[in-house]
>>> print(open('upload.cif').read())   # mmCIF, C-alpha atoms
data_protein
loop_
_atom_site.label_atom_id
_atom_site.label_comp_id
_atom_site.auth_asym_id
_atom_site.auth_seq_id
_atom_site.Cartn_x
_atom_site.Cartn_y
_atom_site.Cartn_z
CA MET A 1 17.73 22.15 20.09
CA ALA A 2 20.07 19.41 18.89
CA ASP A 3 22.75 21.98 18.02
CA MET A 4 22.84 23.28 21.58
CA LEU A 5 23.77 19.89 23.06
CA ASP A 6 27.34 18.70 23.27
CA SER A 7 28.45 15.54 21.50
CA ALA A 8 28.42 13.30 24.58
CA THR A 9 24.79 14.15 25.36
CA ARG A 10 23.79 13.62 21.78
CA GLU A 11 25.47 10.21 21.69
CA ALA A 12 23.77 9.21 24.92
CA GLY A 13 20.47 10.34 23.42
CA GLU A 14 21.00 8.21 20.34
CA ARG A 15 21.88 5.20 22.47
CA LEU A 16 18.77 5.70 24.58
CA LYS A 17 16.66 6.01 21.44
CA THR A 18 17.90 2.73 19.94
CA LYS A 19 17.46 0.98 23.28
CA VAL A 20 13.90 2.23 23.65
CA GLN A 21 13.11 1.20 20.11
CA ARG A 22 14.55 -2.25 20.66
CA LEU A 23 12.62 -2.72 23.90
CA PHE A 24 9.29 -1.51 22.65
CA GLY A 25 9.73 -2.83 19.12
CA HIS A 26 7.48 -0.26 17.44
CA SER A 27 4.16 -1.35 18.82
CA LEU A 28 1.14 0.27 17.29
CA HIS A 29 -2.48 0.99 18.08
CA ILE A 30 -4.86 1.37 15.18
CA ARG A 31 -8.13 3.23 14.94
CA HIS A 32 -10.14 2.11 11.93
CA VAL A 33 -12.64 4.45 10.27
CA ASP A 34 -15.05 3.31 7.58
CA ALA A 35 -15.50 6.29 5.27
CA GLY A 36 -18.02 4.84 2.86
CA SER A 37 -16.53 1.43 2.25
CA CYS A 38 -18.41 -1.57 0.86
CA ASN A 39 -17.20 -3.67 3.86
CA ALA A 40 -14.95 -5.91 1.76
CA CYS A 41 -11.91 -4.13 3.21
CA GLU A 42 -13.40 -4.46 6.70
CA SER A 43 -13.77 -8.20 6.27
CA GLU A 44 -10.08 -8.43 5.33
CA ILE A 45 -9.05 -6.17 8.22
CA LYS A 46 -11.04 -8.41 10.57
CA LEU A 47 -9.06 -11.39 9.24
CA LEU A 48 -5.88 -9.82 10.65
CA LEU A 49 -7.07 -10.75 14.13
CA ASN A 50 -7.73 -14.45 13.44
CA PRO A 51 -5.30 -17.16 14.60
CA TYR A 52 -3.73 -17.49 11.17
CA TYR A 53 -2.61 -13.91 10.59
CA ASP A 54 -2.65 -12.91 14.29
CA ILE A 55 -1.40 -9.35 13.96
CA GLN A 56 -1.09 -9.00 17.73
CA ARG A 57 2.07 -11.14 17.60
CA LEU A 58 3.63 -8.13 15.81
CA GLY A 59 2.54 -5.74 18.54
CA ILE A 60 -0.22 -4.21 16.46
CA PHE A 61 -3.56 -3.71 18.17
CA PHE A 62 -6.91 -2.23 17.33
CA THR A 63 -8.34 0.36 19.65
CA THR A 64 -11.78 1.90 19.83
CA SER A 65 -10.73 5.43 20.67
CA PRO A 66 -8.76 7.77 18.40
CA ARG A 67 -7.19 9.26 21.53
CA HIS A 68 -5.34 5.99 22.14
CA ALA A 69 -4.39 5.44 18.50
CA ASP A 70 -1.15 5.99 16.62
CA LEU A 71 -2.44 5.09 13.20
CA LEU A 72 -5.68 5.92 11.41
CA LEU A 73 -6.79 3.19 9.04
CA VAL A 74 -9.25 4.58 6.51
CA THR A 75 -11.31 2.51 4.09
CA GLY A 76 -13.64 3.77 1.40
CA PRO A 77 -13.68 6.82 -0.89
CA VAL A 78 -14.39 9.47 1.69
CA THR A 79 -18.09 10.26 1.27
CA ARG A 80 -19.40 13.75 1.82
CA ALA A 81 -21.02 12.77 5.09
CA MET A 82 -17.77 11.25 6.40
CA VAL A 83 -15.42 14.17 5.69
CA ASP A 84 -16.05 15.93 8.98
CA PRO A 85 -16.08 12.81 11.20
CA LEU A 86 -12.81 11.72 9.55
CA ARG A 87 -11.18 15.09 10.18
CA GLN A 88 -12.42 15.09 13.78
CA THR A 89 -10.99 11.60 14.29
CA TYR A 90 -7.64 12.73 12.91
CA GLU A 91 -7.61 15.82 15.11
CA ALA A 92 -8.45 13.76 18.19
CA MET A 93 -5.36 11.59 17.68
CA PRO A 94 -2.16 12.48 19.52
CA ASP A 95 1.03 13.28 17.62
CA PRO A 96 2.86 11.57 15.94
CA ARG A 97 0.05 10.07 13.93
CA LEU A 98 0.02 8.08 10.74
CA VAL A 99 -2.73 7.74 8.15
CA VAL A 100 -3.03 4.61 6.03
CA ALA A 101 -5.46 4.39 3.11
CA VAL A 102 -6.74 0.84 2.60
CA GLY A 103 -8.22 -0.38 -0.65
CA ALA A 104 -8.59 0.97 -4.15
CA CYS A 105 -11.36 3.36 -3.06
CA ALA A 106 -9.32 5.00 -0.32
CA CYS A 107 -6.21 5.19 -2.52
CA SER A 108 -7.75 6.76 -5.60
CA GLY A 109 -11.53 6.82 -5.40
CA GLY A 110 -11.69 3.44 -7.11
CA ILE A 111 -14.87 2.74 -9.03
CA PHE A 112 -16.57 5.69 -7.33
CA GLY A 113 -14.03 8.31 -8.30
CA PRO A 114 -14.36 11.94 -7.37
CA SER A 115 -17.98 13.06 -7.55
CA ALA A 116 -20.46 15.26 -5.73
CA PHE A 117 -20.80 12.67 -2.96
CA SER A 118 -17.31 11.18 -2.90
CA GLN A 119 -14.01 12.92 -2.27
CA GLY A 120 -12.21 10.39 -4.45
CA GLY A 121 -9.63 9.16 -1.99
CA VAL A 122 -8.33 9.91 1.48
CA GLU A 123 -5.44 12.02 0.20
CA HIS A 124 -7.88 14.82 -0.64
CA VAL A 125 -8.88 15.06 3.02
CA LEU A 126 -5.90 13.97 5.11
CA PRO A 127 -2.14 13.58 4.56
CA VAL A 128 -1.71 9.89 3.74
CA ASP A 129 1.50 8.08 4.70
CA VAL A 130 0.98 4.65 3.18
CA PHE A 131 -1.34 3.49 0.41
CA ILE A 132 -2.43 -0.15 0.45
CA PRO A 133 -4.04 -0.92 -2.93
CA GLY A 134 -6.23 -3.87 -3.77
CA CYS A 135 -9.92 -4.52 -3.94
CA PRO A 136 -9.90 -5.69 -1.20
CA PRO A 137 -6.22 -5.95 -0.20
CA SER A 138 -5.29 -9.37 1.12
CA PRO A 139 -4.39 -9.56 4.82
CA LEU A 140 -0.74 -10.11 3.84
CA THR A 141 -0.82 -6.88 1.85
CA LEU A 142 -2.28 -5.15 4.89
CA ILE A 143 0.50 -6.50 7.12
CA HIS A 144 3.07 -5.32 4.57
CA GLY A 145 1.52 -1.87 4.49
CA LEU A 146 1.37 -1.54 8.26
CA LEU A 147 4.99 -2.64 8.61
CA LEU A 148 5.92 -0.16 5.88
CA ALA A 149 4.25 2.60 7.87
CA LEU A 150 6.29 1.55 10.90
CA GLY A 151 9.55 1.13 8.99
CA ARG A 152 9.63 -2.53 9.93
CA VAL A 153 9.65 -4.07 6.46
CA GLU A 154 13.28 -5.08 6.85
CA GLN A 155 12.14 -7.33 9.69
CA ARG A 156 11.62 -9.96 6.99
CA MET A 157 15.35 -10.21 6.38
CA GLN A 158 15.95 -11.27 9.96
CA GLY A 159 13.93 -14.45 10.39
CA HIS A 160 12.81 -13.48 13.88
CA THR A 161 9.71 -11.59 14.66
CA ARG A 162 11.04 -10.37 18.02
CA ARG A 163 14.47 -9.29 19.22
CA ILE A 164 15.42 -7.23 16.25
CA LYS A 165 17.45 -4.08 15.96
CA MET A 166 15.40 -1.35 14.40
CA GLY A 167 16.95 0.22 11.35
CA ARG A 168 15.30 3.58 11.25
CA PRO A 169 13.62 5.73 13.85
CA LEU A 170 9.98 6.60 13.35
CA SER A 171 10.64 10.22 12.43
CA VAL A 172 12.79 9.31 9.45
CA ILE A 173 10.32 6.81 8.05
CA THR A 174 7.74 9.37 7.15
CA PRO A 175 9.67 12.50 6.24
CA SER A 176 6.77 13.59 4.12
CA MET A 177 4.49 13.79 7.15
CA GLN A 178 5.69 17.18 8.35
CA GLU A 179 5.65 18.58 4.81
CA LYS A 180 2.14 17.33 4.24
CA GLU A 181 0.91 18.77 7.50
CA ALA A 182 2.58 22.09 6.74
CA GLN A 183 0.71 22.26 3.46
CA SER A 184 -2.70 21.44 4.89
CA MET B 185 -14.34 -30.93 27.86
CA VAL B 186 -11.48 -28.59 28.66
CA PHE B 187 -9.04 -31.46 28.30
CA SER B 188 -10.38 -32.31 24.86
CA TRP B 189 -9.80 -28.69 23.84
CA ILE B 190 -6.21 -28.82 25.04
CA ARG B 191 -5.65 -32.16 23.31
CA ARG B 192 -7.07 -30.81 20.06
CA GLY B 193 -4.96 -27.68 20.32
CA LEU B 194 -1.79 -29.69 20.88
CA ARG B 195 -2.61 -31.99 17.99
CA THR B 196 -3.25 -29.07 15.61
CA GLY B 197 -0.01 -27.30 16.38
CA VAL B 198 0.82 -23.73 15.38
CA LEU B 199 -1.19 -22.46 12.44
CA THR B 200 -0.07 -18.85 12.49
CA THR B 201 1.79 -17.57 9.47
CA ARG B 202 5.36 -16.41 9.95
CA TYR B 203 4.85 -13.84 7.24
CA PRO B 204 7.13 -10.85 7.91
CA ALA B 205 9.97 -13.17 8.88
CA VAL B 206 9.39 -15.75 6.16
CA GLN B 207 7.93 -15.00 2.76
CA GLU B 208 4.55 -16.65 2.33
CA ARG B 209 3.90 -18.53 -0.89
CA LEU B 210 0.45 -17.93 -2.27
CA PRO B 211 -1.24 -20.25 -4.80
CA GLU B 212 -0.49 -19.56 -8.47
CA ALA B 213 -4.12 -18.69 -9.12
CA PHE B 214 -4.08 -15.85 -6.56
CA ARG B 215 -4.77 -12.63 -8.44
CA GLY B 216 -2.25 -10.18 -7.09
CA LYS B 217 -0.38 -7.53 -8.96
CA PRO B 218 -0.85 -7.44 -12.76
CA ILE B 219 2.36 -6.85 -14.69
CA MET B 220 3.00 -5.91 -18.29
CA ASP B 221 5.55 -7.22 -20.74
CA ALA B 222 6.26 -4.06 -22.74
CA SER B 223 8.11 -5.88 -25.52
CA ARG B 224 4.90 -7.66 -26.52
CA CYS B 225 2.51 -4.72 -26.22
CA ILE B 226 1.25 -3.27 -29.50
CA ALA B 227 -0.26 -0.08 -28.08
CA GLU B 228 1.71 2.07 -30.52
CA GLN B 229 -0.10 0.31 -33.38
CA GLY B 230 -3.42 1.54 -32.06
CA CYS B 231 -4.42 -1.39 -29.86
CA ASN B 232 -6.37 -0.42 -26.78
CA ALA B 233 -8.15 -3.66 -25.93
CA CYS B 234 -7.10 -3.60 -22.28
CA VAL B 235 -8.02 0.06 -21.83
CA GLN B 236 -11.48 -0.60 -23.30
CA VAL B 237 -12.17 -3.47 -20.95
CA CYS B 238 -10.79 -1.94 -17.73
CA LEU B 239 -13.72 -1.14 -15.44
CA PRO B 240 -12.12 1.16 -12.84
CA ASP B 241 -9.95 3.04 -15.42
CA ALA B 242 -6.75 1.64 -13.96
CA LEU B 243 -5.29 1.25 -17.44
CA SER B 244 -5.12 4.35 -19.59
CA LEU B 245 -3.38 5.41 -22.78
CA GLN B 246 -2.00 8.90 -22.61
CA THR B 247 -0.27 11.08 -25.13
CA VAL B 248 2.76 12.89 -23.79
CA VAL B 249 4.29 15.72 -25.75
CA GLU B 250 8.04 15.44 -25.68
CA SER B 251 10.23 18.04 -27.33
CA ALA B 252 9.06 20.08 -30.35
CA GLY B 253 5.77 18.45 -31.22
CA ASN B 254 7.21 15.01 -30.72
CA GLU B 255 4.32 12.99 -29.37
CA ALA B 256 4.73 9.69 -27.63
CA THR B 257 2.16 7.26 -26.29
CA GLN B 258 2.34 5.93 -22.79
CA LEU B 259 0.34 3.18 -21.18
CA VAL B 260 -0.27 3.84 -17.50
CA LEU B 261 -1.25 1.06 -15.11
CA ASP B 262 -2.44 2.58 -11.86
CA TYR B 263 -2.28 -0.02 -9.10
CA ALA B 264 -4.20 2.28 -6.78
CA ARG B 265 -7.23 1.92 -9.06
CA CYS B 266 -6.76 -1.71 -10.10
CA VAL B 267 -9.24 -4.16 -8.62
CA ALA B 268 -7.30 -7.20 -9.94
CA CYS B 269 -10.29 -8.53 -11.87
CA GLY B 270 -8.07 -9.93 -14.65
CA LEU B 271 -10.25 -8.75 -17.54
CA CYS B 272 -7.30 -7.02 -19.22
CA VAL B 273 -5.33 -10.27 -19.17
CA SER B 274 -8.03 -12.13 -21.08
CA ALA B 275 -8.58 -9.17 -23.43
CA CYS B 276 -4.94 -8.72 -24.46
CA PRO B 277 -4.39 -10.17 -27.95
CA GLN B 278 -0.61 -10.40 -27.42
CA GLN B 279 -0.62 -11.91 -23.90
CA ALA B 280 1.43 -8.92 -22.79
CA LEU B 281 -0.45 -8.57 -19.50
CA ARG B 282 -0.15 -11.19 -16.83
CA MET B 283 -1.47 -11.60 -13.29
CA THR B 284 1.11 -12.49 -10.68
CA ASN B 285 0.59 -13.75 -7.15
CA GLU B 286 2.68 -10.94 -5.73
CA TYR B 287 0.99 -9.32 -2.75
CA GLU B 288 3.44 -6.79 -1.34
CA LEU B 289 1.83 -3.81 -2.98
CA ALA B 290 1.80 -1.07 -0.36
CA ALA B 291 3.67 2.14 -1.14
CA SER B 292 4.22 5.34 0.74
CA ARG B 293 3.75 7.61 -2.25
CA ARG B 294 0.88 7.70 -4.70
CA GLU B 295 3.29 8.00 -7.65
CA ASP B 296 4.93 4.71 -6.70
CA LEU B 297 1.68 2.94 -7.53
CA ARG B 298 1.78 3.93 -11.20
CA MET B 299 3.54 1.74 -13.74
CA VAL B 300 4.25 3.76 -16.88
CA THR B 301 5.29 2.20 -20.17
CA LEU B 302 6.45 4.77 -22.68
CA PHE B 303 6.29 4.03 -26.39
CA ALA B 304 8.45 6.21 -28.62
CA PRO B 305 6.76 7.75 -31.67
CA PRO B 306 6.97 5.45 -34.72
CA ASP B 307 8.20 8.16 -37.14
CA THR B 308 11.53 8.74 -35.33
CA SER B 309 12.96 5.31 -36.13
CA ASP B 310 16.70 5.76 -36.28
CA GLY B 311 17.95 2.32 -35.51
CA GLU B 312 16.59 1.95 -31.99
CA ASN B 313 13.70 -0.33 -31.32
CA GLY B 314 11.85 2.62 -29.91
CA LYS B 315 10.65 1.43 -26.56
CA GLU B 316 11.52 2.62 -23.13
CA GLU B 317 10.21 0.30 -20.54
CA ASN B 318 10.38 -0.54 -16.91
CA ASN B 319 9.35 -4.07 -17.21
CA GLY B 320 7.09 -5.05 -14.35
CA ARG B 321 8.57 -2.59 -11.94
CA TYR B 322 7.01 0.50 -10.49
CA ALA B 323 7.70 3.72 -12.31
#
>>> encode(input="upload.cif", output="structure tokens")
Amino acid sequence: MADMLDSATREAGERLKTKVQRLFGHSLHIRHVDAGSCNACESEIKLLLNPYYDIQRLGIFFTTSPRHADLLLVTGPVTRAMVDPLRQTYEAMPDPRLVVAVGACACSGGIFGPSAFSQGGVEHVLPVDVFIPGCPPSPLTLIHGLLLALGRVEQRMQGHTRRIKMGRPLSVITPSMQEKEAQS
Amino acid sequence: MVFSWIRRGLRTGVLTTRYPAVQERLPEAFRGKPIMDASRCIAEQGCNACVQVCLPDALSLQTVVESAGNEATQLVLDYARCVACGLCVSACPQQALRMTNEYELAASRREDLRMVTLFAPPDTSDGENGKEENNGRYA
């Protein structure tokens, strides 16, 4: 498609893209799924919404429906009972969608490991874009991971939380996403 | 009552962290990412004190076969498994392992969460000190 356009149209498209990204600033809606977690990760995720960490100042919100979500936050080593609900949640999300594994269990199986009742990590069920290790990860680690998923880590260099030129568009941040989806 | 709330709020000021814009300093005792000083480690002499004590198998000693039966030992620290309990730090006889208060641990690839320290085999000592390391960085 891009080859068919002439250079002027392509340039205008790029300009529009950067303007849209600057205006909307990569806001994000998160759907959180507990796939057999011990609730330590949940207690840290809940801390993101308190006045100290206040993740909504970064334009990141939690939503209750996967149909409104851009990012699936998974905690726990996916238990056998949660494999299908997790897949259904992922399939209910609109494209483009990101998957973030939170905690040692979701990253690698943790102390549960792969067994008859545990899948041993989210990556065995869904294509994972960002791993946030820790048992549980601190809220600052969670913010770092979410900004990494959005390609907004370089925001730190600027010293402003708003009014920042975005470095990379969302499609370039997770080049592995299409590959992973092609494999599964 | 409402006025007392407003007065209290004004007196308290802004508490919110400025984290992504400004790096937050955590207390020294915060157990974040464990790092390893490979020059102190004596794993090639048969020490596996940290591997023995690691509960979630985050630390492991592996034998990699290089060229022509040349076997080398590597110590793998998997941050995706680590629960930052600090048992390996107290178990290490050489104080090679250390907990840091670093908290920016997220990675977009699973391989980025593995820190590998490769120890060359002891019998091929031809002048070099025989250690390849990536000191404290991700492999």
>>> resolve_selection(input="upload.cif", expression="the PyMOL selection byres ((chain B) within 8 of (chain A))", output="JSON, numbers by chain")
{"B": [199, 200, 201, 203, 204, 205, 206, 207, 239, 240, 263, 264, 265, 266, 267, 268, 287, 288, 289, 290, 291, 292, 293, 294]}
>>> resolve_selection(input="upload.cif", expression="the PyMOL selection byres ((chain A and resi 97) around 6)", output="MDAnalysis selection string")
chainID A and resid 70:71 95:96 98
>>> atom_distance(input="upload.cif", atom1="atom CA of Ile226 of chain B", atom2="atom CA of Leu245 of chain B")
11.9 Å
>>> residues_around(input="upload.cif", residues="Val260 of chain B", least_positions_apart="2", cutoff="10 Å", atoms="all atoms listed in the file", output="list in words")
Val235, Asp241, Ala242, Leu243, Ser244, Leu245, Gln246, Thr257, Gln258, Asp262, Tyr263, Arg298, Met299, Val300, Thr301, Leu302 and Ala323 of chain B
>>> residues_near_point(input="upload.cif", point="(-5.1, 5.5, 10.5)", cutoff="7 Å", atoms="only C-alpha atoms", output="PyMOL selection string")
chain A and resi 30-32+71-74+98-100
>>> resolve_selection(input="upload.cif", expression="the PyMOL selection byres ((chain A and resi 38) around 10)", output="PyMOL selection string")
chain A and resi 34-37+39-43+75-77+105+136
>>> atom_distance(input="upload.cif", atom1="atom CA of Ser27 of chain A", atom2="atom CA of Thr63 of chain A")
12.6 Å
>>> closest_residue(input="upload.cif", among="A:Ser65, A:Ser7, A:Gln119, A:Thr18", to="Ala92 of chain A", atoms="all atoms listed in the file")
A:Ser65
>>> closest_residue(input="upload.cif", among="A:Ala81, A:Thr9, A:Leu28, A:Leu49", to="Ala116 of chain A", atoms="all atoms listed in the file")
A:Ala81
>>> atom_distance(input="upload.cif", atom1="atom CA of Gly13 of chain A", atom2="atom CA of Gly151 of chain A")
20.3 Å
>>> residues_around(input="upload.cif", residues="segment 269-286 of chain B", least_positions_apart="5", cutoff="7 Å", atoms="all atoms listed in the file", output="MDAnalysis selection string")
chainID B and resid 210 212 214:222 224:225 233:234 237:238
